[in-house]
Protein chains: 2
Amino acid sequence: MRAVAPAELTEDGLVAAIADAIGTPPRRLRVGIGDDAAAWQPDAHHLELITTDMLVDGVHFRSASADAAALGHKALAKSLSDIAAMAGRPLLAIVALGVTHAIDEMWVRSFYRGMAGLAGKSRCSIAGGDIVRAPALTIAVTVVGDVRRTSMRTRSGAKGGDLVAVTGPLGLGAVGLRAVDAGDEKLSPRAANWYLKPQPRLAEGAFLGSRRAVHALMDISDGVSTDLARMARASHVDATVSGDSLYVHPEVAAMTAACGLDTEHVVLSGGDDYELLVAIDPRAYAHVASAFERRFGRPLSVIGRFEIGDGAVWIEHSGRREPLAPTGYDHLKS
Amino acid sequence: MRAVAPAELTEDGLVAAIADAIGTPPRRLRVGIGDDAAAWQPDAHHLELITTDMLVDGVHFRSASADAAALGHKALAKSLSDIAAMAGRPLLAIVALGVTHAIDEMWVRSFYRGMAGLAGKSRCSIAGGDIVRAPALTIAVTVVGDVRRTSMRTRSGAKGGDLVAVTGPLGLGAVGLRAVDAGDEKLSPRAANWYLKPQPRLAEGAFLGSRRAVHALMDISDGVSTDLARMARASHVDATVSGDSLYVHPEVAAMTAACGLDTEHVVLSGGDDYELLVAIDPRAYAHVASAFERRFGRPLSVIGRFEIGDGAVWIEHSGRREPLAPTGYDHLKS
């Protein structure tokens with residue numbers, strides 16, 4: 001390791017540097033670095049998907065307050081959410097676990113049972129992995145999935161004129177984190193439960209990938225403001241969020257009001273939503289949204305629109321708009 | 001996390017606990033937890049393979065003395081070696097990286113370039129991954145590969161009467177680690193280079209998997225004594241190592257002699273060999289070994305034999321044998 005003072009790393013900046021170091025991807029790699037999952041093509045009709053996520057104690061969770069089974073669930077849910085964002089179906093998960101001396105066999109069993117519960121519901125097999133010693137509990141989950149060529153969606157397909165929609169109410173993860181940190185889970189039980197055991201939107205992703213009017217998908221894991229900016233940049237369009245029509249969960253509104261927090265800021269900056277961000281043709285929206293609501297019992301809620309542009313993101317209130325800064329989570333910023 | 005004093009974890013003990021927590025593997029999972037890689041079957045003729053390895057600063061390497069490019073090479077080599085051990089072909093690698101504040105963009109570029117060099121030589125694509133903050137540099141590499149159904153070998157196929165063979169000289173990794181730790185790389189240049197940049201035996205694995213006489217394969221990553229015990233246990237046979245015919249690299253013999261170390265102990269206990277351990281029918285050995293040597297310019301060296309039994313491992317000198325303890329690396333022992 002070199003001894004120079006490092007320049008501040010940012011996640012989005014680094015993705016470009018890595019893509020550069022790796023060089024041109026081979027043709028069989030259909031989607032490489034920078035999307036929710038990578039895609040490659042083993043045969044003419046199918047694409048396989050792969051995604052990996054690392055969770056570190058003290059950074060992504062707090063082991064002192066984390067139930068092992070819930071942690072197993074959540075670690076897998078994060079990667080499954082990436083498969084959902086490509087409209088894919090998960091097949092297989094493999095886990096690398098770095099454990100401290102505070103971890104015993106009971107903990108490991110409970111962790112894997114929590115993971116196996118979600119894996120079973122998601123028709124995903126757990127294929128084992130690696131366990132090593134680490135100074136902090138570290139979990140790296142990799143999931144392989146597949147998807148029909150015609151169903152796959154990436155974050156780069158949004159078009160000017162498309163609506164920005166979400167598959168469920170926003171802010172539960174952010175408020176859940178606060179509730180869990182405050183030891184106050186009972187005041188916001190839905191939010192706390194969503195933060196601890198999010199449900200990846202696999203069925204919703206597959207449903208949306210089968211609709212031609214859906215042009216782009218990604219999962220909201222780092223906060224709407226940050227993730228929408230990524231989709232806008234990848235798609236070379238601008239995006240405007242309508243501050244007046246954000247789809248906020250009632251428990252989120254109640255909690256932010258009680259704590260004197262700015263609901264809009266919490267919803268746009270907080271991570272762990274695990275809903276899907278959807279770019280959809282406005283002419284087909286009503287039809288798709290009505291089928292979506294019949295199927296899932298939730299609206300496919302419009303929160304803004306895309307327009308021709310080059311990656312700028314705006315927020316609009318009562319017809320006046322201003323730039324929206326990406327205030328979500330950056331995995332590398334201090 | 002629970003507050004009880006944890007029982008000492010051992011790697012082999014934990015594998016059973018995890019398999020139990022996961023439950024019965026589904027049919028499409030042909031090889032699950034406990035082998036070098038997991039295998040699943042996407043169609044009638046092919047198997048896909050997946051393996052993951054986690055490397056942690058201070059446990060598996062020392063970042064203060066580790067060149068970023070060499071670390072990228074080695075992290076990928078470890079997983080490619082698992083694919084080689086199944087007689088497979090690598091297709092795709094995905095990397096989760098936990099970085100400290102001492103890591104800058106130059107380091108990440110150099111790390112990925114080192115990895116891309118080996119990936120290119122191995123016809124493996126790098127599909128990106130995840131980067132997060134961690135208290136110690138942590139690298140989790142997952143590799144997906146494929147293999148013909150008839151070529152795949154596991155560690156559980158050894159039969160009583162088979163010979164134990166290895167694909168190259170032993171001890172280079174162990175001696176290389178000492179040389180690197182002592183800042184003495186020039187005295188054992190081959191060993192130091194093998195420790196820092198091991199070459200996964202992919203071509204050798206594919207060659208051996210295509211021979212019906214080869215009954216079992218695994219890679220030697222934690223030391224012959226430990227890995228041979230794993231193969232013997234998985235195959236339900238006993239194994240005897242011939243102490244008089246261990247295939248030791250000359251540089252290893254020279255270094256251990258110079259340092260007054262027991263060569264045999266170093267060779268049997270040291271990890272990072274990345275040669276393949278082979279169970280082969282003695283009637284076909286001469287034929288296969290001669291083709292192997294023509295192809296690779298190295299002998300397929302016999303170091304012992306399997307016999308009917310239940311997982312015991314012995315070492316033999318001048319016809320007298322005694323139990324051989326697994327003195328290799330356990331990833332969980334203190």
# chains A, B, ... in the order shown; residues from 1 in each chain; ligands from 1
>>> residues_around(residues="segment 274-286 of chain B", least_positions_apart="3", cutoff="8 Å", atoms="only C-alpha atoms", output="PyMOL selection string")
chain B and resi 78+81+85+157-159+161-170+198-201+205+213-221+228+289-290+306
>>> write_last_selection(atoms="C-alpha atoms", output="compact mmCIF listing (two decimals), in the first residue's frame")
# COMPACT_ATOMS: atom_id res chain seq x y z
CA LYS B 78 -7.44 -18.37 -5.15
CA SER B 81 -7.80 -22.56 -8.27
CA ALA B 85 -10.06 -28.28 -8.78
CA GLY B 157 -14.41 -39.62 -5.57
CA ALA B 158 -11.15 -41.21 -4.34
CA LYS B 159 -11.23 -45.01 -4.16
CA GLY B 161 -6.17 -48.44 -4.19
CA ASP B 162 -5.92 -45.05 -5.93
CA LEU B 163 -2.61 -43.24 -5.95
CA VAL B 164 -2.30 -39.76 -4.39
CA ALA B 165 -0.59 -37.46 -6.89
CA VAL B 166 0.15 -33.74 -7.15
CA THR B 167 0.43 -31.51 -10.21
CA GLY B 168 3.63 -29.73 -9.15
CA PRO B 169 6.30 -29.37 -6.49
CA LEU B 170 5.15 -28.60 -2.95
CA PRO B 198 0.32 -18.17 -7.79
CA GLN B 199 -0.73 -19.63 -11.14
CA PRO B 200 -4.00 -21.55 -10.87
CA ARG B 201 -3.74 -25.01 -12.45
CA GLY B 205 -7.43 -29.54 -13.96
CA ALA B 213 -8.78 -42.80 -14.40
CA VAL B 214 -8.80 -39.59 -12.36
CA HIS B 215 -11.33 -40.14 -9.58
CA ALA B 216 -11.00 -37.04 -7.41
CA LEU B 217 -9.47 -33.57 -7.49
CA MET B 218 -9.09 -30.72 -5.04
CA ASP B 219 -6.71 -27.80 -4.71
CA ILE B 220 -4.08 -27.66 -2.00
CA SER B 221 -4.62 -24.28 -0.39
CA LEU B 228 -5.54 -34.65 2.06
CA ALA B 289 1.47 -39.21 -16.12
CA SER B 290 3.46 -39.51 -19.32
CA PHE B 306 -5.50 -44.33 -0.74
>>> select_by_dssp(residues="segment 20-170 of chain B", states="strand (DSSP E)", output="PDB file with C-alpha atoms, in the first residue's frame")
ATOM      1  CA  LEU B  29     -27.676 -28.060  -7.030  1.00  0.00           C
ATOM      2  CA  ARG B  30     -25.364 -30.960  -7.944  1.00  0.00           C
ATOM      3  CA  VAL B  31     -22.547 -30.135  -5.529  1.00  0.00           C
ATOM      4  CA  ALA B  38     -20.629 -25.542  -5.853  1.00  0.00           C
ATOM      5  CA  ALA B  39     -22.100 -26.938  -9.073  1.00  0.00           C
ATOM      6  CA  TRP B  40     -25.561 -26.515 -10.520  1.00  0.00           C
ATOM      7  CA  HIS B  46     -23.381 -28.532 -18.738  1.00  0.00           C
ATOM      8  CA  LEU B  47     -22.759 -27.773 -15.141  1.00  0.00           C
ATOM      9  CA  GLU B  48     -22.020 -24.319 -13.892  1.00  0.00           C
ATOM     10  CA  LEU B  49     -19.619 -23.797 -11.025  1.00  0.00           C
ATOM     11  CA  ILE B  50     -19.425 -21.050  -8.438  1.00  0.00           C
ATOM     12  CA  THR B  51     -16.888 -20.365  -5.717  1.00  0.00           C
ATOM     13  CA  THR B  52     -16.134 -17.471  -3.389  1.00  0.00           C
ATOM     14  CA  ASP B  53     -13.090 -16.591  -1.270  1.00  0.00           C
ATOM     15  CA  MET B  54     -12.583 -13.809   1.231  1.00  0.00           C
ATOM     16  CA  LEU B  55      -9.135 -12.344   1.970  1.00  0.00           C
ATOM     17  CA  VAL B  56      -8.641 -10.028   4.944  1.00  0.00           C
ATOM     18  CA  ARG B  89     -13.308 -23.400 -17.047  1.00  0.00           C
ATOM     19  CA  PRO B  90     -13.738 -19.925 -15.518  1.00  0.00           C
ATOM     20  CA  LEU B  91     -16.182 -17.519 -17.168  1.00  0.00           C
ATOM     21  CA  LEU B  92     -16.747 -14.545 -14.932  1.00  0.00           C
ATOM     22  CA  ALA B  93     -15.412 -12.959 -11.751  1.00  0.00           C
ATOM     23  CA  ILE B  94     -17.160 -10.467  -9.498  1.00  0.00           C
ATOM     24  CA  VAL B  95     -15.423  -8.652  -6.656  1.00  0.00           C
ATOM     25  CA  ALA B  96     -16.625  -7.138  -3.384  1.00  0.00           C
ATOM     26  CA  LEU B  97     -13.988  -4.848  -1.921  1.00  0.00           C
ATOM     27  CA  GLY B  98     -13.974  -3.351   1.573  1.00  0.00           C
ATOM     28  CA  VAL B  99     -11.523  -0.448   1.632  1.00  0.00           C
ATOM     29  CA  SER B 125     -14.208 -11.687 -17.563  1.00  0.00           C
ATOM     30  CA  ILE B 126     -14.335  -9.302 -14.630  1.00  0.00           C
ATOM     31  CA  ALA B 127     -17.895  -8.112 -14.190  1.00  0.00           C
ATOM     32  CA  GLY B 128     -17.373  -5.431 -11.558  1.00  0.00           C
ATOM     33  CA  GLY B 129     -18.812  -5.753  -8.080  1.00  0.00           C
ATOM     34  CA  ASP B 130     -19.211  -3.718  -4.922  1.00  0.00           C
ATOM     35  CA  ILE B 131     -16.955  -1.306  -3.009  1.00  0.00           C
ATOM     36  CA  VAL B 132     -17.655  -0.326   0.590  1.00  0.00           C
ATOM     37  CA  ARG B 133     -15.846   1.021   3.628  1.00  0.00           C
ATOM     38  CA  THR B 138     -11.215  -7.029   2.640  1.00  0.00           C
ATOM     39  CA  ILE B 139     -11.465  -8.748  -0.727  1.00  0.00           C
ATOM     40  CA  ALA B 140     -14.219 -11.207  -1.654  1.00  0.00           C
ATOM     41  CA  VAL B 141     -13.898 -12.700  -5.136  1.00  0.00           C
ATOM     42  CA  THR B 142     -16.589 -14.899  -6.635  1.00  0.00           C
ATOM     43  CA  VAL B 143     -15.927 -16.824  -9.847  1.00  0.00           C
ATOM     44  CA  VAL B 144     -18.506 -18.537 -12.024  1.00  0.00           C
ATOM     45  CA  GLY B 145     -17.339 -21.220 -14.427  1.00  0.00           C
ATOM     46  CA  ASP B 146     -18.623 -24.194 -16.326  1.00  0.00           C
ATOM     47  CA  VAL B 147     -17.637 -27.797 -16.893  1.00  0.00           C
ATOM     48  CA  ARG B 148     -18.887 -30.780 -18.911  1.00  0.00           C
ATOM     49  CA  LEU B 163      -2.614 -43.237  -5.951  1.00  0.00           C
ATOM     50  CA  VAL B 164      -2.297 -39.757  -4.391  1.00  0.00           C
ATOM     51  CA  ALA B 165      -0.594 -37.463  -6.894  1.00  0.00           C
ATOM     52  CA  VAL B 166       0.155 -33.743  -7.148  1.00  0.00           C
TER      53      VAL B 166
END
>>> atom_distance(atom1="atom CA of Asp330 of chain B", atom2="atom CA of Glu11 of chain B")
6.2 Å
>>> atom_distance(atom1="atom CA of Pro135 of chain A", atom2="atom CA of Leu137 of chain B")
10.1 Å
>>> closest_residue(among="B:Ala203, B:Met231, B:Ala174, B:Ala19", to="Val252 of chain B", atoms="only C-alpha atoms")
B:Ala174
>>> atom_distance(atom1="atom CA of Gly176 of chain A", atom2="atom CA of Asn193 of chain A")
7.1 Å
>>> residues_around(residues="segment 268-272 of chain A", least_positions_apart="4", cutoff="7 Å", atoms="only C-alpha atoms", output="JSON, numbers by chain")
{"A": [171, 173, 174, 195, 221, 222, 223, 224, 225, 264, 327, 328, 329]}
>>> write_last_selection(atoms="N, CA and C atoms", output="tab-separated table (two decimals), in the first residue's frame")
chain	number	residue	atom	x	y	z
A	171	GLY	N	-39.27	5.73	2.25
A	171	GLY	CA	-38.88	6.25	3.56
A	171	GLY	C	-38.91	5.23	4.68
A	173	GLY	N	-37.22	2.48	5.14
A	173	GLY	CA	-35.88	2.08	5.56
A	173	GLY	C	-35.23	3.14	6.42
A	174	ALA	N	-35.34	4.39	5.98
A	174	ALA	CA	-34.70	5.50	6.70
A	174	ALA	C	-35.29	5.66	8.10
A	195	TYR	N	-36.76	-2.14	7.63
A	195	TYR	CA	-35.32	-1.89	7.71
A	195	TYR	C	-34.57	-3.18	8.03
A	221	SER	N	-31.52	1.72	-3.22
A	221	SER	CA	-30.87	1.23	-1.99
A	221	SER	C	-30.14	2.35	-1.27
A	222	ASP	N	-29.75	3.41	-1.98
A	222	ASP	CA	-28.95	4.46	-1.35
A	222	ASP	C	-29.72	5.77	-1.20
A	223	GLY	N	-31.02	5.79	-1.46
A	223	GLY	CA	-31.81	7.01	-1.37
A	223	GLY	C	-32.24	7.47	-2.75
A	224	VAL	N	-33.49	7.91	-2.86
A	224	VAL	CA	-34.05	8.28	-4.17
A	224	VAL	C	-33.20	9.34	-4.87
A	225	SER	N	-32.76	10.37	-4.14
A	225	SER	CA	-32.05	11.47	-4.80
A	225	SER	C	-30.76	10.96	-5.46
A	264	GLU	N	-39.73	15.22	3.42
A	264	GLU	CA	-39.21	15.11	2.06
A	264	GLU	C	-37.71	14.80	2.07
A	327	THR	N	-28.28	13.46	-2.02
A	327	THR	CA	-27.98	13.43	-0.59
A	327	THR	C	-28.10	12.03	0.00
A	328	GLY	N	-28.24	11.03	-0.87
A	328	GLY	CA	-28.33	9.66	-0.38
A	328	GLY	C	-26.97	9.15	0.08
A	329	TYR	N	-26.91	7.86	0.26
A	329	TYR	CA	-25.74	7.22	0.85
A	329	TYR	C	-24.67	6.98	-0.21
>>> residues_around(residues="Glu316 of chain A", least_positions_apart="3", cutoff="10 Å", atoms="only C-alpha atoms", output="PDB file with C-alpha atoms, in the first residue's frame")
ATOM      1  CA  THR A 240     -37.626  15.977 -12.084  1.00  0.00           C
ATOM      2  CA  VAL A 241     -39.095  14.740  -8.812  1.00  0.00           C
ATOM      3  CA  SER A 242     -42.469  16.148  -7.931  1.00  0.00           C
ATOM      4  CA  GLY A 243     -42.117  17.114  -4.274  1.00  0.00           C
ATOM      5  CA  ASP A 244     -45.902  17.357  -4.017  1.00  0.00           C
ATOM      6  CA  SER A 245     -46.569  13.768  -5.060  1.00  0.00           C
ATOM      7  CA  GLY A 304     -41.758  12.554 -11.346  1.00  0.00           C
ATOM      8  CA  GLY A 319     -44.573  24.301 -10.431  1.00  0.00           C
ATOM      9  CA  ARG A 320     -41.219  25.835  -9.332  1.00  0.00           C
ATOM     10  CA  ARG A 321     -38.168  23.655  -9.628  1.00  0.00           C
ATOM     11  CA  GLU A 322     -34.629  23.712  -8.244  1.00  0.00           C
ATOM     12  CA  PRO A 323     -31.654  21.345  -8.494  1.00  0.00           C
ATOM     13  CA  LEU A 324     -31.888  18.227  -6.296  1.00  0.00           C
TER      14      LEU A 324
END
>>> closest_residue(among="B:Glu251, B:Thr226, B:Leu196, B:Glu204", to="Val180 of chain B", atoms="only C-alpha atoms")
B:Leu196
>>> residues_around(residues="Ala68 of chain B", least_positions_apart="2", cutoff="9 Å", atoms="only C-alpha atoms", output="MDAnalysis selection string")
(chainID A and resid 1:2) or (chainID B and resid 63 66 70:73 107:114)
>>> select_by_dssp(residues="segment 69-308 of chain A", states="alpha helix (DSSP H)", output="ChimeraX atom specification")
/A:69-84,105-121,172-181,189-196,202-209,224-235,250-259,263-269,282-296
>>> write_last_selection(atoms="C-alpha atoms", output="short mmCIF file (atom, residue, chain, number, x, y, z; two decimals), in the first residue's frame")
data_model
loop_
_atom_site.label_atom_id
_atom_site.label_comp_id
_atom_site.auth_asym_id
_atom_site.auth_seq_id
_atom_site.Cartn_x
_atom_site.Cartn_y
_atom_site.Cartn_z
CA ALA A 69 -31.28 -14.35 11.56
CA ALA A 70 -32.42 -10.86 10.51
CA LEU A 71 -28.90 -10.09 9.33
CA GLY A 72 -28.86 -13.26 7.21
CA HIS A 73 -32.21 -12.22 5.74
CA LYS A 74 -31.08 -8.66 5.02
CA ALA A 75 -27.71 -9.59 3.50
CA LEU A 76 -29.46 -11.86 1.00
CA ALA A 77 -32.29 -9.35 0.42
CA LYS A 78 -29.79 -6.70 -0.72
CA SER A 79 -28.47 -8.92 -3.50
CA LEU A 80 -31.91 -10.27 -4.43
CA SER A 81 -33.05 -6.67 -4.82
CA ASP A 82 -30.33 -6.20 -7.47
CA ILE A 83 -31.65 -9.24 -9.34
CA ALA A 84 -35.20 -7.81 -9.06
CA GLU A 105 -21.63 -21.75 15.99
CA MET A 106 -25.13 -20.83 17.25
CA TRP A 107 -24.79 -17.41 15.66
CA VAL A 108 -23.67 -18.88 12.34
CA ARG A 109 -26.54 -21.39 12.36
CA SER A 110 -29.05 -18.65 13.10
CA PHE A 111 -27.58 -16.37 10.40
CA TYR A 112 -27.83 -19.12 7.78
CA ARG A 113 -31.36 -20.05 8.91
CA GLY A 114 -32.46 -16.44 8.46
CA MET A 115 -30.93 -16.41 5.02
CA ALA A 116 -32.41 -19.81 4.13
CA GLY A 117 -35.91 -18.55 5.06
CA LEU A 118 -35.79 -15.76 2.49
CA ALA A 119 -33.96 -17.97 -0.02
CA GLY A 120 -36.73 -20.55 0.18
CA LYS A 121 -39.45 -17.94 -0.39
CA LEU A 172 -39.55 3.04 5.52
CA GLY A 173 -35.88 2.08 5.56
CA ALA A 174 -34.70 5.50 6.70
CA VAL A 175 -37.27 5.77 9.46
CA GLY A 176 -36.77 2.13 10.41
CA LEU A 177 -33.04 2.74 10.91
CA ARG A 178 -33.82 5.66 13.25
CA ALA A 179 -36.33 3.57 15.18
CA VAL A 180 -33.93 0.65 15.56
CA ASP A 181 -31.06 2.96 16.57
CA PRO A 189 -43.14 -1.32 13.67
CA ARG A 190 -43.62 -1.48 9.89
CA ALA A 191 -40.60 0.75 9.28
CA ALA A 192 -38.38 -1.12 11.75
CA ASN A 193 -39.39 -4.43 10.25
CA TRP A 194 -38.74 -3.19 6.71
CA TYR A 195 -35.32 -1.89 7.71
CA LEU A 196 -34.39 -5.16 9.41
CA LEU A 202 -38.69 -9.88 -7.30
CA ALA A 203 -42.27 -10.45 -8.46
CA GLU A 204 -42.69 -6.73 -9.16
CA GLY A 205 -39.43 -6.63 -11.19
CA ALA A 206 -40.44 -9.66 -13.26
CA PHE A 207 -43.90 -8.17 -13.85
CA LEU A 208 -42.44 -4.83 -14.99
CA GLY A 209 -39.75 -6.45 -17.18
CA VAL A 224 -34.05 8.28 -4.17
CA SER A 225 -32.05 11.47 -4.80
CA THR A 226 -28.80 9.53 -5.33
CA ASP A 227 -30.26 6.57 -7.20
CA LEU A 228 -32.45 8.69 -9.50
CA ALA A 229 -29.35 10.74 -10.40
CA ARG A 230 -27.59 7.47 -11.32
CA MET A 231 -30.47 6.40 -13.55
CA ALA A 232 -30.66 9.85 -15.18
CA ARG A 233 -26.90 9.88 -15.84
CA ALA A 234 -26.84 6.29 -17.16
CA SER A 235 -29.82 7.04 -19.44
CA PRO A 250 -48.04 6.93 6.63
CA GLU A 251 -45.75 5.62 9.37
CA VAL A 252 -42.92 7.67 7.85
CA ALA A 253 -45.02 10.84 7.82
CA ALA A 254 -46.07 10.24 11.44
CA MET A 255 -42.53 9.58 12.66
CA THR A 256 -40.95 12.55 10.89
CA ALA A 257 -43.74 14.85 12.13
CA ALA A 258 -43.30 13.60 15.70
CA CYS A 259 -39.53 14.19 15.53
CA THR A 263 -40.29 14.35 5.61
CA GLU A 264 -39.21 15.11 2.06
CA HIS A 265 -35.53 15.21 3.01
CA VAL A 266 -35.77 11.93 4.94
CA VAL A 267 -37.52 10.25 2.02
CA LEU A 268 -35.08 11.51 -0.63
CA SER A 269 -31.87 10.96 1.38
CA PRO A 282 -46.68 7.73 -20.09
CA ARG A 283 -49.06 6.42 -22.78
CA ALA A 284 -49.03 2.93 -21.24
CA TYR A 285 -48.82 3.98 -17.62
CA ALA A 286 -52.53 3.81 -16.71
CA HIS A 287 -52.89 0.30 -18.14
CA VAL A 288 -49.71 -1.08 -16.51
CA ALA A 289 -50.41 0.64 -13.18
CA SER A 290 -53.90 -0.78 -12.98
CA ALA A 291 -52.62 -4.33 -13.65
CA PHE A 292 -49.82 -3.71 -11.12
CA GLU A 293 -52.26 -2.62 -8.42
CA ARG A 294 -54.58 -5.58 -9.05
CA ARG A 295 -51.63 -7.94 -8.77
CA PHE A 296 -49.74 -6.42 -5.84
#
>>> closest_residue(among="B:Asp238, B:Asp184, B:Asp273, B:Asp36", to="chain A", atoms="only C-alpha atoms")
B:Asp36
